[in-house]
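Structure file final.txt (compact mmCIF, C-alpha atoms and all ligand atoms) is printed below.
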# COMPACT_ATOMS: atom_id res chain seq x y z
CA MET A 1 -31.67 -41.34 -52.72
CA ARG A 2 -30.30 -41.12 -56.27
CA LEU A 3 -28.11 -38.09 -56.87
CA ASP A 4 -30.03 -37.01 -59.98
CA LYS A 5 -33.32 -37.11 -58.09
CA TYR A 6 -31.86 -35.02 -55.25
CA LEU A 7 -30.58 -32.40 -57.68
CA SER A 8 -33.83 -32.17 -59.59
CA MET A 9 -35.81 -31.89 -56.32
CA GLY A 10 -33.48 -29.00 -55.48
CA GLY A 11 -34.75 -27.15 -58.55
CA VAL A 12 -31.54 -27.59 -60.56
CA GLY A 13 -33.49 -28.75 -63.61
CA SER A 14 -35.25 -31.76 -65.05
CA ARG A 15 -33.77 -35.25 -64.55
CA LYS A 16 -32.41 -34.92 -68.11
CA ASP A 17 -30.78 -31.52 -67.40
CA VAL A 18 -29.32 -32.90 -64.19
CA LYS A 19 -27.75 -35.89 -65.92
CA LYS A 20 -26.03 -33.48 -68.31
CA ILE A 21 -24.77 -31.29 -65.46
CA ILE A 22 -23.37 -34.35 -63.68
CA ARG A 23 -21.59 -35.52 -66.83
CA GLN A 24 -20.08 -32.04 -67.14
CA LYS A 25 -18.33 -32.78 -63.79
CA ARG A 26 -20.01 -29.84 -62.07
CA VAL A 27 -21.24 -31.88 -59.09
CA THR A 28 -19.29 -33.14 -56.08
CA VAL A 29 -20.35 -35.53 -53.32
CA ASN A 30 -18.32 -34.94 -50.17
CA GLY A 31 -15.72 -33.10 -52.21
CA VAL A 32 -15.34 -35.79 -54.88
CA ILE A 33 -16.47 -35.15 -58.46
CA THR A 34 -19.00 -37.71 -59.56
CA VAL A 35 -20.00 -38.51 -63.11
CA ASN A 36 -22.61 -41.13 -62.15
CA ASP A 37 -26.16 -39.82 -61.98
CA ASP A 38 -27.38 -43.07 -60.40
CA VAL A 39 -25.01 -42.89 -57.44
CA HIS A 40 -26.91 -43.06 -54.11
CA ILE A 41 -26.46 -40.33 -51.55
CA ASP A 42 -27.70 -39.68 -48.03
CA PRO A 43 -29.43 -36.30 -48.32
CA TYR A 44 -28.89 -35.58 -44.63
CA LEU A 45 -25.27 -36.65 -44.25
CA ASP A 46 -23.56 -36.12 -47.60
CA GLU A 47 -22.38 -32.71 -48.76
CA ILE A 48 -23.53 -32.08 -52.31
CA ARG A 49 -22.15 -29.14 -54.27
CA MET A 50 -22.93 -27.87 -57.74
CA ASP A 51 -20.49 -25.38 -59.28
CA GLN A 52 -18.84 -25.26 -55.82
CA GLN A 53 -22.07 -24.08 -54.13
CA ILE A 54 -23.56 -26.29 -51.41
CA LEU A 55 -27.02 -27.59 -52.30
CA ASP A 56 -29.23 -27.94 -49.23
CA VAL A 57 -32.52 -29.37 -50.33
CA ILE A 58 -35.24 -29.59 -47.70
CA LEU A 59 -36.93 -32.87 -48.46
CA ASP A 60 -40.22 -34.15 -47.24
CA VAL A 61 -39.78 -37.22 -45.10
CA TYR A 62 -42.42 -39.94 -44.72
CA ILE A 63 -41.86 -42.78 -42.28
CA MET A 64 -43.95 -45.71 -41.11
CA LEU A 65 -43.20 -46.74 -37.54
CA ASN A 66 -44.60 -49.83 -35.84
CA LYS A 67 -44.91 -48.11 -32.50
CA PRO A 68 -44.19 -50.27 -29.47
CA GLN A 69 -45.74 -49.80 -26.03
CA GLY A 70 -43.91 -47.55 -23.56
CA VAL A 71 -43.08 -44.92 -26.16
CA VAL A 72 -44.87 -41.57 -26.34
CA SER A 73 -46.24 -39.91 -29.51
CA ALA A 74 -44.39 -36.66 -28.96
CA THR A 75 -41.32 -34.91 -30.27
CA SER A 76 -39.76 -34.55 -26.82
CA ASP A 77 -40.53 -35.86 -23.37
CA ASP A 78 -38.71 -35.69 -20.04
CA LEU A 79 -39.80 -39.12 -18.83
CA HIS A 80 -40.31 -41.48 -21.74
CA LYS A 81 -38.69 -42.42 -25.01
CA THR A 82 -40.42 -40.65 -27.90
CA VAL A 83 -41.45 -42.05 -31.26
CA LEU A 84 -38.85 -39.78 -32.91
CA GLU A 85 -36.17 -41.50 -30.84
CA CYS A 86 -37.22 -44.81 -32.41
CA ILE A 87 -35.93 -43.53 -35.77
CA ASP A 88 -32.21 -44.26 -35.96
CA ALA A 89 -31.61 -42.04 -38.99
CA THR A 90 -30.83 -38.36 -39.32
CA LEU A 91 -34.14 -36.56 -39.69
CA PRO A 92 -34.52 -33.00 -40.98
CA PRO A 93 -35.87 -30.50 -38.48
CA GLY A 94 -39.64 -30.28 -38.17
CA CYS A 95 -40.53 -33.98 -38.14
CA PHE A 96 -43.44 -35.02 -35.96
CA PRO A 97 -45.86 -37.92 -35.49
CA VAL A 98 -49.15 -37.65 -37.37
CA GLY A 99 -51.64 -37.87 -34.52
CA ARG A 100 -51.19 -39.57 -31.21
CA LEU A 101 -51.28 -43.17 -30.11
CA ASP A 102 -51.48 -43.73 -26.35
CA ILE A 103 -48.35 -44.90 -24.57
CA ASP A 104 -49.79 -48.43 -24.34
CA THR A 105 -51.08 -48.51 -27.95
CA GLU A 106 -49.01 -50.20 -30.65
CA GLY A 107 -48.94 -50.04 -34.38
CA LEU A 108 -49.04 -47.74 -37.36
CA LEU A 109 -47.71 -44.25 -36.86
CA VAL A 110 -46.66 -41.95 -39.69
CA ILE A 111 -43.80 -39.56 -38.98
CA THR A 112 -43.30 -36.69 -41.38
CA ASN A 113 -42.37 -33.02 -41.78
CA ASP A 114 -45.25 -32.51 -44.24
CA GLY A 115 -47.82 -30.43 -42.35
CA GLU A 116 -50.26 -30.45 -45.22
CA LEU A 117 -50.45 -34.24 -45.35
CA SER A 118 -50.77 -34.42 -41.59
CA HIS A 119 -53.68 -32.00 -41.70
CA ARG A 120 -55.33 -34.04 -44.45
CA LEU A 121 -55.09 -37.22 -42.41
CA LEU A 122 -56.20 -35.73 -39.10
CA SER A 123 -58.71 -33.01 -39.86
CA PRO A 124 -62.24 -34.15 -38.89
CA LYS A 125 -63.47 -32.60 -42.14
CA HIS A 126 -61.69 -35.24 -44.23
CA LYS A 127 -63.06 -38.21 -42.25
CA VAL A 128 -60.07 -40.43 -42.96
CA ASP A 129 -60.60 -44.04 -41.84
CA LYS A 130 -58.39 -45.36 -39.04
CA THR A 131 -58.59 -49.06 -38.31
CA TYR A 132 -57.62 -50.58 -34.97
CA TYR A 133 -57.27 -54.17 -33.87
CA LEU A 134 -58.43 -54.50 -30.29
CA GLU A 135 -58.89 -57.11 -27.64
CA CYS A 136 -61.42 -56.66 -24.85
CA ARG A 137 -61.78 -57.85 -21.27
CA ASP A 138 -65.28 -59.21 -21.89
CA ALA A 139 -66.98 -60.88 -24.83
CA ILE A 140 -68.25 -58.45 -27.47
CA ASP A 141 -72.03 -58.75 -27.59
CA GLU A 142 -74.65 -57.70 -30.14
CA ARG A 143 -75.57 -54.62 -28.14
CA THR A 144 -71.95 -53.39 -28.21
CA ILE A 145 -71.72 -53.92 -31.96
CA ASP A 146 -74.99 -52.02 -32.47
CA MET A 147 -73.79 -49.15 -30.29
CA LEU A 148 -70.42 -48.86 -32.05
CA GLN A 149 -72.11 -48.97 -35.44
CA SER A 150 -74.65 -46.31 -34.63
CA GLY A 151 -72.57 -43.89 -32.49
CA VAL A 152 -71.61 -43.90 -28.83
CA ASP A 153 -72.00 -41.29 -26.10
CA ILE A 154 -68.49 -40.83 -24.72
CA ASP A 155 -69.33 -37.66 -22.76
CA ASP A 156 -68.38 -35.29 -25.57
CA ASP A 157 -70.72 -32.77 -27.15
CA THR A 158 -71.73 -35.23 -29.86
CA LEU A 159 -71.97 -38.98 -30.29
CA THR A 160 -69.10 -40.67 -32.08
CA LEU A 161 -69.64 -41.15 -35.82
CA PRO A 162 -70.84 -44.62 -36.84
CA ALA A 163 -67.91 -47.06 -36.79
CA GLN A 164 -67.30 -50.20 -38.82
CA VAL A 165 -66.99 -53.41 -36.81
CA ASN A 166 -65.35 -56.61 -37.94
CA GLN A 167 -65.56 -59.10 -35.07
CA LEU A 168 -62.67 -61.57 -35.20
CA SER A 169 -63.29 -63.68 -32.12
CA GLU A 170 -65.39 -63.59 -28.96
CA SER A 171 -63.41 -60.67 -27.54
CA ALA A 172 -61.38 -59.27 -30.48
CA MET A 173 -62.33 -57.06 -33.40
CA ASN A 174 -61.12 -54.63 -36.02
CA LEU A 175 -62.82 -51.29 -35.53
CA THR A 176 -62.70 -48.50 -38.12
CA ILE A 177 -63.41 -44.94 -37.03
CA LYS A 178 -63.36 -41.67 -38.96
CA GLU A 179 -62.39 -39.42 -36.04
CA GLY A 180 -59.46 -39.12 -33.68
CA ARG A 181 -60.85 -38.00 -30.37
CA TYR A 182 -58.81 -38.34 -27.20
CA HIS A 183 -58.59 -42.04 -26.13
CA GLN A 184 -61.50 -42.57 -28.50
CA ILE A 185 -61.45 -46.36 -28.88
CA LYS A 186 -60.97 -47.00 -25.17
CA ARG A 187 -63.76 -44.58 -24.30
CA MET A 188 -66.09 -46.12 -26.89
CA LEU A 189 -65.65 -49.58 -25.42
CA ALA A 190 -65.91 -48.24 -21.87
CA ALA A 191 -69.23 -46.59 -22.83
CA CYS A 192 -70.41 -50.05 -23.90
CA GLY A 193 -69.48 -51.45 -20.47
CA ASN A 194 -66.36 -53.25 -21.71
CA GLN A 195 -62.64 -52.51 -21.49
CA VAL A 196 -59.87 -52.51 -24.08
CA THR A 197 -56.98 -54.71 -22.96
CA TYR A 198 -54.86 -54.46 -26.13
CA LEU A 199 -54.92 -51.85 -28.89
CA LYS A 200 -53.03 -51.63 -32.15
CA ARG A 201 -53.59 -49.33 -35.13
CA ILE A 202 -53.35 -51.30 -38.36
CA LYS A 203 -54.50 -48.84 -41.02
CA MET A 204 -54.76 -45.11 -41.66
CA GLY A 205 -56.39 -43.97 -44.90
CA SER A 206 -54.86 -46.02 -47.70
CA LEU A 207 -51.83 -47.01 -45.63
CA SER A 208 -51.71 -50.41 -43.89
CA LEU A 209 -49.16 -51.37 -41.27
CA ASP A 210 -46.54 -53.52 -42.96
CA ASP A 211 -46.90 -57.11 -41.67
CA ASP A 212 -43.14 -57.56 -42.06
CA LEU A 213 -42.26 -54.56 -39.89
CA PRO A 214 -41.38 -55.77 -36.38
CA LEU A 215 -42.55 -53.80 -33.35
CA GLY A 216 -40.30 -50.78 -32.81
CA GLN A 217 -38.98 -50.86 -36.38
CA TRP A 218 -39.54 -48.29 -39.12
CA ARG A 219 -39.14 -47.79 -42.83
CA TYR A 220 -39.55 -44.96 -45.32
CA LEU A 221 -42.86 -44.92 -47.21
CA SER A 222 -42.60 -45.67 -50.91
CA GLU A 223 -43.42 -42.95 -53.41
CA SER A 224 -46.67 -44.66 -54.33
CA GLU A 225 -47.71 -44.99 -50.66
CA VAL A 226 -47.14 -41.24 -50.22
CA GLU A 227 -49.02 -40.48 -53.42
CA GLN A 228 -51.99 -42.60 -52.35
CA LEU A 229 -52.09 -40.96 -48.91
CA LYS A 230 -52.04 -37.50 -50.48
CA LYS A 231 -54.83 -38.43 -52.87
CA GLY A 232 -56.91 -39.76 -50.00
N1 LIG B 301 -57.99 -44.69 -29.33
C1 LIG B 301 -57.48 -44.88 -28.10
O1 LIG B 301 -58.22 -45.05 -27.12
N2 LIG B 301 -56.15 -44.89 -27.96
C2 LIG B 301 -55.30 -44.73 -29.00
O2 LIG B 301 -54.09 -44.78 -28.82
C3 LIG B 301 -55.85 -44.54 -30.28
C4 LIG B 301 -57.21 -44.53 -30.41
Using structure tokens, write down the structure from this file.
Ligand code: URA
Amino acid sequence: MRLDKYLSMGGVGSRKDVKKIIRQKRVTVNGVITVNDDVHIDPYLDEIRMDQQILDVILDVYIMLNKPQGVVSATSDDLHKTVLECIDATLPPGCFPVGRLDIDTEGLLVITNDGELSHRLLSPKHKVDKTYYLECRDAIDERTIDMLQSGVDIDDDTLTLPAQVNQLSESAMNLTIKEGRYHQIKRMLAACGNQVTYLKRIKMGSLSLDDDLPLGQWRYLSESEVEQLKKG
């Protein structure tokens, strides 16, 4: 992150004020005076001081992980590797995965410390679309498509909300749902007499899984991706 951005996020002043303060040699990075406002710092590792006082800015973190199988969507676990352990960077305290993917589900998982955004994406009230690519044991027939599109009885109090189906081959489809019930996709297909054999989340709200992000890898979201997600 640029030093001037970090300082202005810390409430020091506008980007213009901050540039002035830096030029006045009032800022040090790891004990060294810097006069460059465009120098890049690591907000979690570098020690930034202004007028000798340490500046500890709590930043919101937004990460896209391409979750591999065998990893659990939790912050700690005695048995399995967690999604947080897939992130080989220093994270501020309070980071967590936004929603859960099953241990054998792959794909898009957002990790953040922004509770408000997480609530926006997960709360049933907001009906945020989540799209999954799935492969099934048996061919997907018309009856299954009709059931998924109109709502399925998965032994909850209510039917699932109508889902969007995009069949890709005899036994593969993209399925978009607006809820996040426990094992929802697997239970929906089971209720249609079929079985999910492979499941991957590819989209959540406005955010698509990056095609260039290998399984198990992660990257920070761009500012515009975060903005779009917040806007819904
Ligand atoms: N639905 C499922 O059944 N499993 C997941 O991991 C996500 C959605």
Return the single residue from A:Lys81, A:Lys67, A:His119, A:Arg143 that is closest to ligand LIG 301 (chain B), with distances computed using all atoms listed in the file.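 The answer is A:Lys67, which sits nearest to ligand LIG 301 (chain B).
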Box along x, y and z, 3 Å on every side, all listed atoms of ligand LIG 301 (chain B) inside: centre and edge lengths in Å to one decimal, as AutoDock Vina command-line options.
--center_x -56.2 --center_y -44.8 --center_z -28.8 --size_x 10.1 --size_y 6.5 --size_z 9.3
Using only C-alpha atoms and all ligand atoms, find each protein or nucleic acid residue lying at most 7 Å from ligand LIG 301 (chain B); present the set as an MDAnalysis selection string. chainID A and resid 100:102 105 180 182:187
Long-range neighbours of Ile48 in chain A as a PyMOL selection string, 7 Å cut-off, all atoms listed in the file, 6 positions minimum in chain: chain A and resi 28-30+54-55
Select all residues near (-63.2, -51.1, -35.0) (cut-off 9 Å, inclusive, file coordinates), counting all atoms listed in the file, and output them as number ranges by chain. A: 130-134, 148, 163-167, 173-177, 185
Could you list, with a cut-off of 9 Å and counting all atoms listed in the file, the residues of range 41-151 of chain A near range 10-21 of chain A, each shown with its nearest atom pair and the distance in Å rounded to one decimal, rows sorted by chain and ascending number, as CSV?
residue,atom,partner,partner_atom,distance
A:Met50,CA,A:Ile21,CA,8.6
A:Leu55,CA,A:Gly10,CA,7.3
A:Asp56,CA,A:Gly10,CA,7.6
A:Val57,CA,A:Gly10,CA,5.3
A:Ile58,CA,A:Gly10,CA,8.0
A:Leu59,CA,A:Gly10,CA,8.7
With C-alpha atoms retained, export the selected residues as a JSON list (two decimals), keeping the file's coordinate frame.
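part_39.json, written as the output of this step:
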[["chain", "number", "residue", "atom", "x", "y", "z"],
["A", 50, "MET", "CA", -22.93, -27.87, -57.74],
["A", 55, "LEU", "CA", -27.02, -27.59, -52.30],
["A", 56, "ASP", "CA", -29.23, -27.94, -49.23],
["A", 57, "VAL", "CA", -32.52, -29.37, -50.33],
["A", 58, "ILE", "CA", -35.24, -29.59, -47.70],
["A", 59, "LEU", "CA", -36.93, -32.87, -48.46]]
Excluding range 32-38 of chain A and residues on its chain fewer than 5 positions from it, collect all residues at most 8 Å away from it, counting all atoms listed in the file, and give them as a ChimeraX atom specification. /A:2-4,18-19,22-27
What is the distance between CA of Asn194 in chain A and CA of Asp138 in chain A, in Å to one decimal?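 Answer for the CA of Asn194 in chain A to CA of Asp138 in chain A separation: 6.1 Å.
A straight line drawn from CA of Thr158 in chain A to CA of Leu121 in chain A is 20.9 Å long.
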List the spatial neighbours of range 203-214 of chain A as a VMD selection string - criterion: any atom at most 12 Å away, only C-alpha atoms, same-chain residues fewer than 2 positions off excluded. chain A and resid 62 to 68 98 to 99 106 to 110 117 to 118 120 to 122 126 to 133 174 to 180 200 to 201 216 to 222 224 to 232
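Considering only C-alpha atoms, the residue among A:Gln69, A:Gln52, A:Thr144, A:Thr82 positioned nearest to Tyr198 in chain A is A:Gln69.
The gap separating CA of Ala191 in chain A from CA of Thr160 in chain A is 11.0 Å, in Å to one decimal.
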Between A:Gly115, A:Pro43, A:Gly70, A:Pro124, which residue has the minimum interatomic distance to Pro92 in chain A, considering only C-alpha atoms?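 Ranking A:Gly115, A:Pro43, A:Gly70, A:Pro124 by distance to Pro92 in chain A, first place goes to A:Pro43.
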So that I can check the surroundings of Asp146 in chain A, please list as an MDAnalysis selection string every protein, DNA and RNA residue that reaches within 10 Å of it, counting only C-alpha atoms and ignoring chain neighbours fewer than 4 positions away. chainID A and resid 141:142 150:152 162:163 165 192
Export of the given selection (C-alpha atoms) as an mmCIF file, keeping the file's coordinate frame:
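Wrote selection-v1.cif, looks like this:
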data_model
loop_
_atom_site.group_PDB
_atom_site.id
_atom_site.type_symbol
_atom_site.label_atom_id
_atom_site.label_comp_id
_atom_site.auth_asym_id
_atom_site.auth_seq_id
_atom_site.Cartn_x
_atom_site.Cartn_y
_atom_site.Cartn_z
ATOM 1 C CA ASP A 141 -72.030 -58.750 -27.590
ATOM 2 C CA GLU A 142 -74.650 -57.700 -30.140
ATOM 3 C CA SER A 150 -74.650 -46.310 -34.630
ATOM 4 C CA GLY A 151 -72.570 -43.890 -32.490
ATOM 5 C CA VAL A 152 -71.610 -43.900 -28.830
ATOM 6 C CA PRO A 162 -70.840 -44.620 -36.840
ATOM 7 C CA ALA A 163 -67.910 -47.060 -36.790
ATOM 8 C CA VAL A 165 -66.990 -53.410 -36.810
ATOM 9 C CA CYS A 192 -70.410 -50.050 -23.900
#
